[in-house]
file data35.txt (compact mmCIF, C-alpha atoms (C1' of nucleotides))
# COMPACT_ATOMS: atom_id res chain seq x y z
CA MET A 18 87.54 112.88 100.44
CA LEU A 19 85.96 110.04 98.47
CA ILE A 20 87.76 106.72 98.76
CA ARG A 21 86.94 103.66 96.73
CA LEU A 22 88.70 100.33 97.14
CA ASP A 23 88.73 97.57 94.54
CA PRO A 24 89.25 94.10 96.06
CA GLY A 25 89.76 92.71 92.56
CA ASP A 26 92.76 94.94 91.92
CA SER A 27 96.08 93.19 92.45
CA THR A 28 97.48 96.15 94.37
CA PRO A 29 97.06 95.61 98.12
CA LEU A 30 94.15 97.25 99.89
CA PHE A 31 96.40 99.19 102.26
CA GLU A 32 98.31 100.56 99.27
CA GLN A 33 95.14 101.60 97.45
CA LEU A 34 94.03 103.39 100.57
CA ALA A 35 97.40 105.04 101.14
CA SER A 36 97.54 106.16 97.51
CA ALA A 37 94.12 107.78 97.71
CA VAL A 38 94.99 109.77 100.80
CA ARG A 39 98.47 110.59 99.52
CA ALA A 40 97.17 112.03 96.28
CA ALA A 41 94.67 114.14 98.19
CA ILE A 42 97.45 115.54 100.36
CA ILE A 43 99.89 116.28 97.51
CA ASP A 44 97.15 117.90 95.45
CA GLY A 45 96.21 120.05 98.42
CA ARG A 46 92.64 118.76 98.62
CA VAL A 47 93.22 118.21 102.33
CA ILE A 48 95.04 120.98 104.18
CA GLY A 49 97.74 120.58 106.82
CA GLY A 50 96.36 120.12 110.32
CA GLU A 51 93.19 118.52 109.04
CA ARG A 52 92.17 115.34 110.81
CA LEU A 53 91.56 112.05 109.00
CA PRO A 54 88.80 109.63 110.04
CA ALA A 55 89.53 107.33 112.97
CA ALA A 56 90.91 103.94 111.91
CA ARG A 57 88.09 101.82 113.32
CA GLN A 58 85.45 104.12 111.90
CA LEU A 59 86.96 104.27 108.40
CA ALA A 60 87.55 100.54 108.49
CA SER A 61 83.93 99.65 109.14
CA SER A 62 82.91 102.32 106.66
CA LEU A 63 84.98 100.65 103.93
CA GLY A 64 84.23 97.09 105.01
CA VAL A 65 87.86 96.48 105.85
CA ASN A 66 89.80 95.39 108.89
CA MET A 67 91.07 98.05 111.26
CA HIS A 68 94.65 96.89 110.86
CA THR A 69 94.46 97.47 107.13
CA VAL A 70 93.54 101.14 107.58
CA LEU A 71 96.13 101.51 110.30
CA ARG A 72 98.78 100.10 108.02
CA ALA A 73 97.94 102.63 105.33
CA TYR A 74 98.19 105.39 107.92
CA ARG A 75 101.54 104.04 109.08
CA VAL A 76 102.82 104.13 105.51
CA LEU A 77 101.86 107.79 105.17
CA ARG A 78 103.43 108.55 108.55
CA ASP A 79 106.72 106.96 107.46
CA GLU A 80 106.56 109.19 104.39
CA GLY A 81 106.21 112.23 106.64
CA LEU A 82 102.81 113.16 105.26
CA ILE A 83 100.71 112.65 108.40
CA GLU A 84 101.15 112.35 112.15
CA LEU A 85 99.65 109.72 114.40
CA HIS A 86 98.84 110.15 118.07
CA ARG A 87 96.86 108.00 120.46
CA GLY A 88 93.53 109.46 121.29
CA ARG A 89 94.07 112.26 118.78
CA GLY A 90 93.92 110.31 115.56
CA ALA A 91 95.66 110.90 112.22
CA VAL A 92 96.46 114.49 111.31
CA VAL A 93 97.92 115.84 108.06
CA ALA A 94 101.42 117.25 108.68
CA VAL A 95 101.44 121.03 108.87
CA ARG A 96 104.56 121.47 106.74
CA ILE A 97 102.68 119.96 103.83
CA GLY A 98 101.14 122.53 101.53
CA GLY A 99 100.17 121.01 98.22
CA HIS A 100 103.30 120.57 96.17
CA ALA A 101 101.88 121.94 92.96
CA ALA A 102 105.31 122.17 91.31
CA LEU A 103 106.07 118.56 92.11
CA ALA A 104 102.70 117.41 90.86
CA GLY A 105 103.32 119.26 87.61
CA ALA A 106 106.77 117.77 87.16
CA ILE A 107 105.36 114.30 87.67
CA HIS A 108 102.70 114.90 85.06
CA ASP A 109 105.26 116.13 82.56
CA LEU A 110 107.53 113.17 83.10
CA VAL A 111 104.69 110.71 82.61
CA ASP A 112 103.81 112.40 79.34
CA GLU A 113 107.42 112.22 78.20
CA ALA A 114 107.64 108.54 79.08
CA LYS A 115 104.47 107.72 77.16
CA LEU A 116 105.84 109.62 74.21
CA HIS A 117 108.70 107.13 74.12
CA ASP A 118 106.29 104.19 74.56
CA LEU A 119 107.94 103.43 77.87
CA PRO A 120 105.62 101.34 80.09
CA GLU A 121 104.83 102.29 83.66
CA SER A 122 106.89 99.48 85.16
CA ALA A 123 110.00 100.57 83.28
CA LEU A 124 109.61 104.18 84.34
CA LEU A 125 109.17 103.19 87.97
CA ALA A 126 112.28 101.01 87.84
CA LEU A 127 114.33 103.79 86.29
CA ILE A 128 113.26 106.26 88.95
CA SER A 129 113.96 103.76 91.67
CA ALA A 130 117.44 103.29 90.29
CA ALA A 131 117.99 107.04 90.01
CA TYR A 132 116.94 107.41 93.64
CA ARG A 133 119.60 105.00 94.80
CA TRP A 134 122.40 106.28 92.60
CA SER A 135 122.29 109.94 93.62
CA PRO A 136 124.83 110.06 96.49
CA SER A 137 124.73 111.62 99.94
CA SER A 138 121.24 112.96 99.55
CA PRO A 139 119.52 114.62 102.54
CA GLY A 140 116.54 112.40 102.03
CA VAL A 141 118.21 109.16 102.99
CA LEU A 142 119.39 110.48 106.32
CA ARG A 143 116.17 112.00 107.58
CA THR A 144 115.01 111.48 111.13
CA PRO A 145 113.33 108.13 111.78
CA PRO A 146 109.54 108.04 112.03
CA THR A 147 108.27 109.33 115.36
CA ARG A 148 106.49 106.68 117.39
CA MET B 20 128.43 95.95 80.81
CA LEU B 21 129.27 95.21 84.43
CA ILE B 22 126.44 93.60 86.38
CA ARG B 23 126.50 92.95 90.09
CA LEU B 24 123.68 91.21 91.95
CA ASP B 25 123.05 91.40 95.69
CA PRO B 26 121.24 88.31 97.04
CA GLY B 27 120.74 90.12 100.34
CA ASP B 28 118.70 92.87 98.72
CA SER B 29 114.95 92.42 99.07
CA THR B 30 114.38 93.29 95.43
CA PRO B 31 114.12 90.12 93.34
CA LEU B 32 117.18 88.96 91.45
CA PHE B 33 115.46 89.15 88.08
CA GLU B 34 114.49 92.76 88.81
CA GLN B 35 118.02 93.72 89.80
CA LEU B 36 119.25 92.22 86.58
CA ALA B 37 116.55 93.84 84.46
CA SER B 38 117.27 97.22 86.05
CA ALA B 39 120.96 96.97 85.29
CA VAL B 40 120.39 96.16 81.63
CA ARG B 41 117.56 98.68 81.33
CA ALA B 42 119.70 101.50 82.65
CA ALA B 43 122.45 100.58 80.24
CA ILE B 44 120.01 100.71 77.34
CA ILE B 45 118.38 104.02 78.30
CA ASP B 46 121.75 105.63 78.93
CA GLY B 47 122.91 104.44 75.52
CA ARG B 48 125.79 102.37 76.87
CA VAL B 49 124.57 99.51 74.68
CA ILE B 50 123.52 100.37 71.16
CA GLY B 51 120.49 99.08 69.27
CA GLY B 52 121.12 95.78 67.49
CA GLU B 53 123.76 94.74 69.98
CA ARG B 54 123.41 91.22 71.29
CA LEU B 55 123.18 90.42 74.99
CA PRO B 56 124.85 87.34 76.51
CA ALA B 57 122.99 84.05 76.20
CA ALA B 58 120.80 83.25 79.17
CA ARG B 59 122.59 80.09 80.30
CA GLN B 60 125.99 81.67 79.90
CA LEU B 61 125.12 84.84 81.82
CA ALA B 62 123.36 82.74 84.43
CA SER B 63 126.35 80.58 85.22
CA SER B 64 128.53 83.66 85.07
CA LEU B 65 126.42 85.32 87.77
CA GLY B 66 125.81 82.14 89.76
CA VAL B 67 122.08 82.32 89.08
CA ASN B 68 119.46 80.04 87.56
CA MET B 69 118.83 80.30 83.86
CA HIS B 70 115.16 81.13 84.44
CA THR B 71 116.13 84.16 86.49
CA VAL B 72 118.09 85.66 83.61
CA LEU B 73 115.40 84.66 81.14
CA ARG B 74 112.74 86.33 83.23
CA ALA B 75 114.72 89.56 83.31
CA TYR B 76 115.02 89.37 79.54
CA ARG B 77 111.29 88.76 79.24
CA VAL B 78 110.58 91.83 81.35
CA LEU B 79 112.70 93.97 79.04
CA ARG B 80 111.02 92.41 76.00
CA ASP B 81 107.57 93.32 77.37
CA GLU B 82 108.86 96.86 77.81
CA GLY B 83 109.86 96.93 74.16
CA LEU B 84 113.54 97.38 74.91
CA ILE B 85 114.87 94.09 73.53
CA GLU B 86 113.85 91.24 71.23
CA LEU B 87 114.06 87.53 71.95
CA HIS B 88 114.41 84.77 69.39
CA ARG B 89 115.22 81.11 69.80
CA GLY B 90 118.72 80.25 68.68
CA ARG B 91 119.47 83.92 68.09
CA GLY B 92 119.47 85.23 71.65
CA ALA B 93 118.50 88.62 73.07
CA VAL B 94 119.06 91.69 70.92
CA VAL B 95 118.57 95.34 71.87
CA ALA B 96 115.71 96.87 69.89
CA VAL B 97 116.88 99.00 67.02
CA ARG B 98 114.43 101.85 67.65
CA ILE B 99 116.11 102.47 71.00
CA GLY B 100 118.72 105.20 70.94
CA GLY B 101 119.52 106.41 74.43
CA HIS B 102 116.76 108.68 75.68
CA ALA B 103 119.01 111.36 77.09
CA ALA B 104 116.14 113.83 77.54
CA LEU B 105 114.12 111.30 79.49
CA ALA B 106 117.08 110.39 81.67
CA GLY B 107 117.57 114.08 82.46
CA ALA B 108 113.93 114.61 83.31
CA ILE B 109 114.04 111.66 85.68
CA HIS B 110 117.09 113.03 87.43
CA ASP B 111 115.46 116.42 87.86
CA LEU B 112 112.29 114.94 89.28
CA VAL B 113 114.21 112.87 91.80
CA ASP B 114 116.08 115.97 92.94
CA GLU B 115 112.81 117.86 93.30
CA ALA B 116 111.29 115.05 95.33
CA LYS B 117 114.26 114.88 97.67
CA LEU B 118 114.05 118.62 98.11
CA HIS B 119 110.58 118.08 99.55
CA ASP B 120 111.82 115.18 101.70
CA LEU B 121 109.53 112.87 99.77
CA PRO B 122 110.66 109.24 100.11
CA GLU B 123 111.16 107.00 97.13
CA SER B 124 108.13 104.86 97.85
CA ALA B 125 105.85 107.89 97.90
CA LEU B 126 107.21 109.24 94.63
CA LEU B 127 106.78 105.87 92.94
CA ALA B 128 103.19 105.62 94.14
CA LEU B 129 102.40 109.12 92.89
CA ILE B 130 103.82 108.38 89.46
CA SER B 131 101.95 105.11 89.29
CA ALA B 132 98.74 106.95 90.06
CA ALA B 133 99.51 109.64 87.48
CA TYR B 134 100.09 106.93 84.88
CA ARG B 135 96.64 105.46 85.44
CA TRP B 136 94.79 108.74 85.57
CA SER B 137 95.93 110.20 82.26
CA PRO B 138 93.24 108.97 79.83
CA SER B 139 93.39 107.53 76.32
CA SER B 140 97.15 107.47 76.16
CA PRO B 141 98.85 105.84 73.17
CA GLY B 142 101.00 103.80 75.52
CA VAL B 143 98.23 101.62 76.83
CA LEU B 144 97.19 100.43 73.41
CA ARG B 145 100.57 99.34 72.11
CA THR B 146 101.04 96.05 70.34
CA PRO B 147 101.23 93.01 72.61
CA PRO B 148 104.64 91.44 73.25
CA THR B 149 105.79 89.28 70.36
CA ARG B 150 106.20 85.65 71.30
C1' DA C 18 122.76 66.36 61.80
C1' DA C 19 124.47 68.73 65.79
C1' DC C 20 124.38 72.64 68.46
C1' DT C 21 122.57 76.81 70.44
C1' DT C 22 118.96 79.34 72.50
C1' DG C 23 114.66 80.64 74.22
C1' DT C 24 110.07 78.35 75.74
C1' DT C 25 106.94 75.59 78.27
C1' DC C 26 105.46 72.58 82.08
C1' DG C 27 105.26 71.11 86.57
C1' DG C 28 106.42 71.66 91.22
C1' DC C 29 108.29 73.44 95.51
C1' DT C 30 109.16 77.02 99.15
C1' DA C 31 108.89 81.25 101.41
C1' DC C 32 106.81 85.44 102.16
C1' DG C 33 103.20 88.98 102.11
C1' DA C 34 98.45 90.42 102.54
C1' DA C 35 94.43 90.41 105.13
C1' DT C 36 91.88 89.19 109.00
C1' DA C 37 90.98 88.45 113.88
C1' DG C 38 90.98 89.08 118.93
C1' DA C 39 92.81 90.87 122.97
C1' DA C 40 95.24 93.74 126.00
C1' DC C 41 97.62 98.12 126.42
C1' DA C 42 98.86 103.31 126.71
C1' DA C 43 98.28 108.01 125.63
C1' DT C 44 95.03 111.64 124.93
C1' DA C 45 90.71 114.25 125.01
C1' DG C 46 86.56 115.70 127.21
C1' DG C 47 83.07 116.14 130.63
C1' DC D 14 89.04 112.12 138.36
C1' DC D 15 86.74 109.20 135.40
C1' DT D 16 85.46 107.53 131.03
C1' DA D 17 85.41 107.09 126.18
C1' DT D 18 88.34 107.45 122.26
C1' DT D 19 92.24 106.18 119.49
C1' DG D 20 96.45 104.39 118.03
C1' DT D 21 99.99 100.56 119.44
C1' DT D 22 101.54 96.04 120.30
C1' DC D 23 101.23 91.02 120.29
C1' DT D 24 100.01 86.59 118.71
C1' DA D 25 97.89 83.73 115.41
C1' DT D 26 95.63 81.92 111.25
C1' DT D 27 94.35 81.56 106.44
C1' DC D 28 95.16 82.25 101.69
C1' DG D 29 97.25 83.44 97.49
C1' DT D 30 101.19 83.98 94.80
C1' DA D 31 105.86 85.56 93.76
C1' DG D 32 110.28 83.70 93.17
C1' DC D 33 113.16 80.05 92.07
C1' DC D 34 114.18 75.68 90.09
C1' DG D 35 114.78 71.00 86.99
C1' DA D 36 113.75 68.71 82.92
C1' DA D 37 111.97 68.18 78.55
C1' DC D 38 110.76 70.69 74.35
C1' DA D 39 110.80 73.58 69.89
C1' DA D 40 112.58 76.93 66.87
C1' DG D 41 116.54 78.65 64.75
C1' DT D 42 121.60 78.64 63.50
C1' DT D 43 125.76 76.61 61.62
call {"tool": "encode", "arguments": {"input": "data35.txt", "output": "structure tokens"}}
result
Amino acid sequence: MLIRLDPGDSTPLFEQLASAVRAAIIDGRVIGGERLPAARQLASSLGVNMHTVLRAYRVLRDEGLIELHRGRGAVVAVRIGGHAALAGAIHDLVDEAKLHDLPESALLALISAAYRWSPSSPGVLRTPPTR
Amino acid sequence: MLIRLDPGDSTPLFEQLASAVRAAIIDGRVIGGERLPAARQLASSLGVNMHTVLRAYRVLRDEGLIELHRGRGAVVAVRIGGHAALAGAIHDLVDEAKLHDLPESALLALISAAYRWSPSSPGVLRTPPTR
DNA sequence: AACTTGTTCGGCTACGAATAGAACAATAGG
DNA sequence: CCTATTGTTCTATTCGTAGCCGAACAAGTT
């Protein structure tokens, strides 16, 4: 899994890192159970502080995509299996939005609003992140 | 158009305001050509600084949803006509994401990534915001 | 001319991002 | 059992900038 960080980009380093790994998981390029590089190792490999990598990992853990255990490292959640359908739906929606000349920021805001409006969803009551 | 702001929410006031107006426009609850309240008036009505309202308006202008003119106020763009199809697609995608227990933040990040990846889109070369 | 409305300028405050070091607690492996 | 590995917690510092604001300004309306 090739990861490239751009310090000039306004998006935070930990978010860039989380996005890269997240995309790899959703696309199925990394299978469930597979182990990610140790935080300290990846950090020095990318020229970044350990805490930055760890924060990216924590983000993905809170999203339920990976698991973290002391001494064992970061492991991709087993229940994850490349959501091809979801990836396709996302692609379609982006195309539709661009067709209407709707900028990225607007689309994101609309989705965020839609997420909040839909009532009593199972997603908002999920179990808290395991520590 | 009823607007309610929550100062306790971590999302900026201008974003809350922009989201409210944006949703109203996309849903077609305000028609193209309709005039929005003057910044100062709406500001004092909401107990907010004028700049906060004006910034929300500027966001919507940069998204091509409204037009701003001195002395004339903020007017909903005429080409906008309630993108019902888009609104439906968004709703479906959110449902799909929740089905997979994918949190909002993860979905937003995935869409943001998808937006960047798709090459040579017409959307990225649109005319700059009129000042 | 007077009024309305968005724009620009300058400044202030609070918060987030990133880094750093150190000590700590599970876990794995020999 | 002992040791190395690995994530977790804690405290702290530096730096940039996002958010909010007041006052003066400029374009447009009436």
call {"tool": "residues_around", "arguments": {"input": "data35.txt", "residues": "DC38 in chain D", "least_positions_apart": "6", "cutoff": "12 Å", "atoms": "all atoms listed in the file", "output": "NGL selection string"}}
result
:C and (23-26)
call {"tool": "interface_residues", "arguments": {"input": "data35.txt", "of": "chain D", "to": "chain B", "cutoff": "10 Å", "atoms": "all atoms listed in the file", "output": "PyMOL selection string"}}
result
chain D and resi 31-34+39-42
call {"tool": "closest_residue", "arguments": {"input": "data35.txt", "among": "B:Met20, B:Val49, B:Leu73, B:Val40", "to": "chain A", "atoms": "only C-alpha atoms"}}
result
B:Val40
call {"tool": "atom_distance", "arguments": {"input": "data35.txt", "atom1": "C1' of DA19 in chain C", "atom2": "C1' of DT43 in chain D"}}
result
9.0 Å
call {"tool": "interface_residues", "arguments": {"input": "data35.txt", "of": "chain C", "to": "chain A", "cutoff": "12 Å", "atoms": "only C-alpha atoms (C1' of nucleotides)", "output": "list in words"}}
result
DG33, DA34, DA35, DT36, DA37, DG38, DC41, DA42, DA43, DT44, DA45 and DG46 of chain C
call {"tool": "write_last_selection", "arguments": {"input": "data35.txt", "atoms": "C-alpha atoms (C1' of nucleotides)", "output": "tab-separated table (two decimals), in the frame of the given file"}}
result
chain	number	residue	atom	x	y	z
C	33	DG	C1'	103.20	88.98	102.11
C	34	DA	C1'	98.45	90.42	102.54
C	35	DA	C1'	94.43	90.41	105.13
C	36	DT	C1'	91.88	89.19	109.00
C	37	DA	C1'	90.98	88.45	113.88
C	38	DG	C1'	90.98	89.08	118.93
C	41	DC	C1'	97.62	98.12	126.42
C	42	DA	C1'	98.86	103.31	126.71
C	43	DA	C1'	98.28	108.01	125.63
C	44	DT	C1'	95.03	111.64	124.93
C	45	DA	C1'	90.71	114.25	125.01
C	46	DG	C1'	86.56	115.70	127.21
call {"tool": "interface_residues", "arguments": {"input": "data35.txt", "of": "chain A", "to": "chain B", "cutoff": "7 Å", "atoms": "all atoms listed in the file", "output": "mmCIF file with C-alpha atoms, in the frame of the given file"}}
result
data_model
loop_
_atom_site.group_PDB
_atom_site.id
_atom_site.type_symbol
_atom_site.label_atom_id
_atom_site.label_comp_id
_atom_site.auth_asym_id
_atom_site.auth_seq_id
_atom_site.Cartn_x
_atom_site.Cartn_y
_atom_site.Cartn_z
ATOM 1 C CA SER A 36 97.540 106.160 97.510
ATOM 2 C CA ALA A 40 97.170 112.030 96.280
ATOM 3 C CA GLU A 80 106.560 109.190 104.390
ATOM 4 C CA LEU A 103 106.070 118.560 92.110
ATOM 5 C CA ALA A 106 106.770 117.770 87.160
ATOM 6 C CA ILE A 107 105.360 114.300 87.670
ATOM 7 C CA HIS A 108 102.700 114.900 85.060
ATOM 8 C CA LEU A 110 107.530 113.170 83.100
ATOM 9 C CA VAL A 111 104.690 110.710 82.610
ATOM 10 C CA GLU A 113 107.420 112.220 78.200
ATOM 11 C CA LYS A 115 104.470 107.720 77.160
ATOM 12 C CA ASP A 118 106.290 104.190 74.560
ATOM 13 C CA LEU A 119 107.940 103.430 77.870
ATOM 14 C CA PRO A 120 105.620 101.340 80.090
ATOM 15 C CA GLU A 121 104.830 102.290 83.660
ATOM 16 C CA ALA A 123 110.000 100.570 83.280
ATOM 17 C CA LEU A 125 109.170 103.190 87.970
ATOM 18 C CA ALA A 126 112.280 101.010 87.840
ATOM 19 C CA LEU A 127 114.330 103.790 86.290
ATOM 20 C CA ILE A 128 113.260 106.260 88.950
ATOM 21 C CA SER A 129 113.960 103.760 91.670
ATOM 22 C CA ALA A 131 117.990 107.040 90.010
ATOM 23 C CA TYR A 132 116.940 107.410 93.640
ATOM 24 C CA GLY A 140 116.540 112.400 102.030
#
call {"tool": "closest_residue", "arguments": {"input": "data35.txt", "among": "B:Ala57, B:Ile50, B:Leu21, B:Ser29", "to": "DC32 in chain C", "atoms": "all atoms listed in the file"}}
result
B:Ser29
call {"tool": "atom_distance", "arguments": {"input": "data35.txt", "atom1": "CA of Glu53 in chain B", "atom2": "CA of Pro26 in chain B"}}
result
27.9 Å
call {"tool": "axis_aligned_box", "arguments": {"input": "data35.txt", "around": "range 75-78 of chain B", "padding_each_side": "8 Å", "output": "lines of an AutoDock Vina configuration file"}}
result
center_x = 112.8
center_y = 90.3
center_z = 81.3
size_x = 20.4
size_y = 19.1
size_z = 20.1
call {"tool": "atom_distance", "arguments": {"input": "data35.txt", "atom1": "CA of Arg75 in chain A", "atom2": "CA of Ile20 in chain A"}}
result
17.4 Å
call {"tool": "residues_near_point", "arguments": {"input": "data35.txt", "point": "(121.4, 92.9, 71.6)", "cutoff": "10 Å", "atoms": "only C-alpha atoms (C1' of nucleotides)", "output": "list of chain:residue names"}}
result
B:Ile44, B:Val49, B:Ile50, B:Gly51, B:Gly52, B:Glu53, B:Arg54, B:Leu55, B:Pro56, B:Leu84, B:Ile85, B:Glu86, B:Leu87, B:Arg91, B:Gly92, B:Ala93, B:Val94, B:Val95, B:Ala96, B:Val97
call {"tool": "decode", "arguments": {"input": "data35.txt", "residues": "range 36-114 of chain B", "atoms": "C-alpha atoms", "output": "PDB file, in the first residue's frame"}}
result
ATOM      1  CA  LEU B  36     -26.674  29.052   8.335  1.00  0.00           C
ATOM      2  CA  ALA B  37     -25.345  28.165   4.893  1.00  0.00           C
ATOM      3  CA  SER B  38     -26.532  24.582   5.295  1.00  0.00           C
ATOM      4  CA  ALA B  39     -30.033  25.673   6.205  1.00  0.00           C
ATOM      5  CA  VAL B  40     -30.364  27.946   3.184  1.00  0.00           C
ATOM      6  CA  ARG B  41     -28.639  25.449   0.895  1.00  0.00           C
ATOM      7  CA  ALA B  42     -31.028  22.669   1.837  1.00  0.00           C
ATOM      8  CA  ALA B  43     -33.969  24.964   1.226  1.00  0.00           C
ATOM      9  CA  ILE B  44     -32.659  25.790  -2.236  1.00  0.00           C
ATOM     10  CA  ILE B  45     -31.880  22.202  -3.260  1.00  0.00           C
ATOM     11  CA  ASP B  46     -35.233  20.988  -1.986  1.00  0.00           C
ATOM     12  CA  GLY B  47     -36.942  23.734  -3.963  1.00  0.00           C
ATOM     13  CA  ARG B  48     -38.530  25.371  -0.943  1.00  0.00           C
ATOM     14  CA  VAL B  49     -37.217  28.701  -2.234  1.00  0.00           C
ATOM     15  CA  ILE B  50     -37.573  29.363  -5.939  1.00  0.00           C
ATOM     16  CA  GLY B  51     -34.997  30.904  -8.261  1.00  0.00           C
ATOM     17  CA  GLY B  52     -35.109  34.699  -8.329  1.00  0.00           C
ATOM     18  CA  GLU B  53     -36.454  34.888  -4.801  1.00  0.00           C
ATOM     19  CA  ARG B  54     -34.687  37.363  -2.558  1.00  0.00           C
ATOM     20  CA  LEU B  55     -33.146  36.386   0.759  1.00  0.00           C
ATOM     21  CA  PRO B  56     -33.282  38.667   3.824  1.00  0.00           C
ATOM     22  CA  ALA B  57     -30.701  41.441   4.010  1.00  0.00           C
ATOM     23  CA  ALA B  58     -27.590  40.497   5.940  1.00  0.00           C
ATOM     24  CA  ARG B  59     -27.935  43.044   8.738  1.00  0.00           C
ATOM     25  CA  GLN B  60     -31.606  42.326   9.177  1.00  0.00           C
ATOM     26  CA  LEU B  61     -31.199  38.547   9.315  1.00  0.00           C
ATOM     27  CA  ALA B  62     -28.199  38.977  11.575  1.00  0.00           C
ATOM     28  CA  SER B  63     -30.023  40.966  14.213  1.00  0.00           C
ATOM     29  CA  SER B  64     -32.965  38.626  13.834  1.00  0.00           C
ATOM     30  CA  LEU B  65     -30.751  35.646  14.672  1.00  0.00           C
ATOM     31  CA  GLY B  66     -28.654  37.478  17.265  1.00  0.00           C
ATOM     32  CA  VAL B  67     -25.527  37.083  15.151  1.00  0.00           C
ATOM     33  CA  ASN B  68     -22.922  39.395  13.649  1.00  0.00           C
ATOM     34  CA  MET B  69     -23.532  40.723  10.182  1.00  0.00           C
ATOM     35  CA  HIS B  70     -20.279  39.195   8.918  1.00  0.00           C
ATOM     36  CA  THR B  71     -21.455  35.755   9.934  1.00  0.00           C
ATOM     37  CA  VAL B  72     -24.538  35.997   7.737  1.00  0.00           C
ATOM     38  CA  LEU B  73     -22.535  37.587   4.951  1.00  0.00           C
ATOM     39  CA  ARG B  74     -20.005  34.796   5.056  1.00  0.00           C
ATOM     40  CA  ALA B  75     -22.741  32.194   4.745  1.00  0.00           C
ATOM     41  CA  TYR B  76     -24.075  34.089   1.742  1.00  0.00           C
ATOM     42  CA  ARG B  77     -20.598  34.223   0.237  1.00  0.00           C
ATOM     43  CA  VAL B  78     -20.252  30.467   0.624  1.00  0.00           C
ATOM     44  CA  LEU B  79     -23.499  29.915  -1.259  1.00  0.00           C
ATOM     45  CA  ARG B  80     -22.412  32.401  -3.923  1.00  0.00           C
ATOM     46  CA  ASP B  81     -19.153  30.488  -4.462  1.00  0.00           C
ATOM     47  CA  GLU B  82     -21.254  27.359  -4.861  1.00  0.00           C
ATOM     48  CA  GLY B  83     -23.261  29.068  -7.571  1.00  0.00           C
ATOM     49  CA  LEU B  84     -26.515  28.877  -5.642  1.00  0.00           C
ATOM     50  CA  ILE B  85     -27.141  32.589  -5.092  1.00  0.00           C
ATOM     51  CA  GLU B  86     -26.044  35.978  -6.407  1.00  0.00           C
ATOM     52  CA  LEU B  87     -24.908  38.964  -4.378  1.00  0.00           C
ATOM     53  CA  HIS B  88     -25.160  42.602  -5.400  1.00  0.00           C
ATOM     54  CA  ARG B  89     -24.670  45.764  -3.405  1.00  0.00           C
ATOM     55  CA  GLY B  90     -27.920  47.534  -2.658  1.00  0.00           C
ATOM     56  CA  ARG B  91     -29.879  44.663  -4.179  1.00  0.00           C
ATOM     57  CA  GLY B  92     -29.212  41.920  -1.652  1.00  0.00           C
ATOM     58  CA  ALA B  93     -28.932  38.146  -2.062  1.00  0.00           C
ATOM     59  CA  VAL B  94     -30.994  36.483  -4.762  1.00  0.00           C
ATOM     60  CA  VAL B  95     -31.365  32.768  -5.476  1.00  0.00           C
ATOM     61  CA  ALA B  96     -29.813  31.880  -8.835  1.00  0.00           C
ATOM     62  CA  VAL B  97     -32.365  31.447 -11.565  1.00  0.00           C
ATOM     63  CA  ARG B  98     -30.816  28.297 -13.039  1.00  0.00           C
ATOM     64  CA  ILE B  99     -31.530  26.502  -9.760  1.00  0.00           C
ATOM     65  CA  GLY B 100     -34.736  24.494  -9.773  1.00  0.00           C
ATOM     66  CA  GLY B 101     -34.780  21.981  -6.946  1.00  0.00           C
ATOM     67  CA  HIS B 102     -32.586  19.017  -7.805  1.00  0.00           C
ATOM     68  CA  ALA B 103     -35.011  16.354  -6.688  1.00  0.00           C
ATOM     69  CA  ALA B 104     -33.019  13.549  -8.339  1.00  0.00           C
ATOM     70  CA  LEU B 105     -29.853  14.620  -6.578  1.00  0.00           C
ATOM     71  CA  ALA B 106     -31.613  14.883  -3.243  1.00  0.00           C
ATOM     72  CA  GLY B 107     -32.929  11.348  -3.716  1.00  0.00           C
ATOM     73  CA  ALA B 108     -29.537   9.970  -4.627  1.00  0.00           C
ATOM     74  CA  ILE B 109     -28.047  11.531  -1.516  1.00  0.00           C
ATOM     75  CA  HIS B 110     -30.701   9.985   0.667  1.00  0.00           C
ATOM     76  CA  ASP B 111     -30.117   6.560  -0.842  1.00  0.00           C
ATOM     77  CA  LEU B 112     -26.368   6.766  -0.359  1.00  0.00           C
ATOM     78  CA  VAL B 113     -26.745   7.757   3.276  1.00  0.00           C
ATOM     79  CA  ASP B 114     -29.032   4.782   3.855  1.00  0.00           C
TER      80      ASP B 114
END
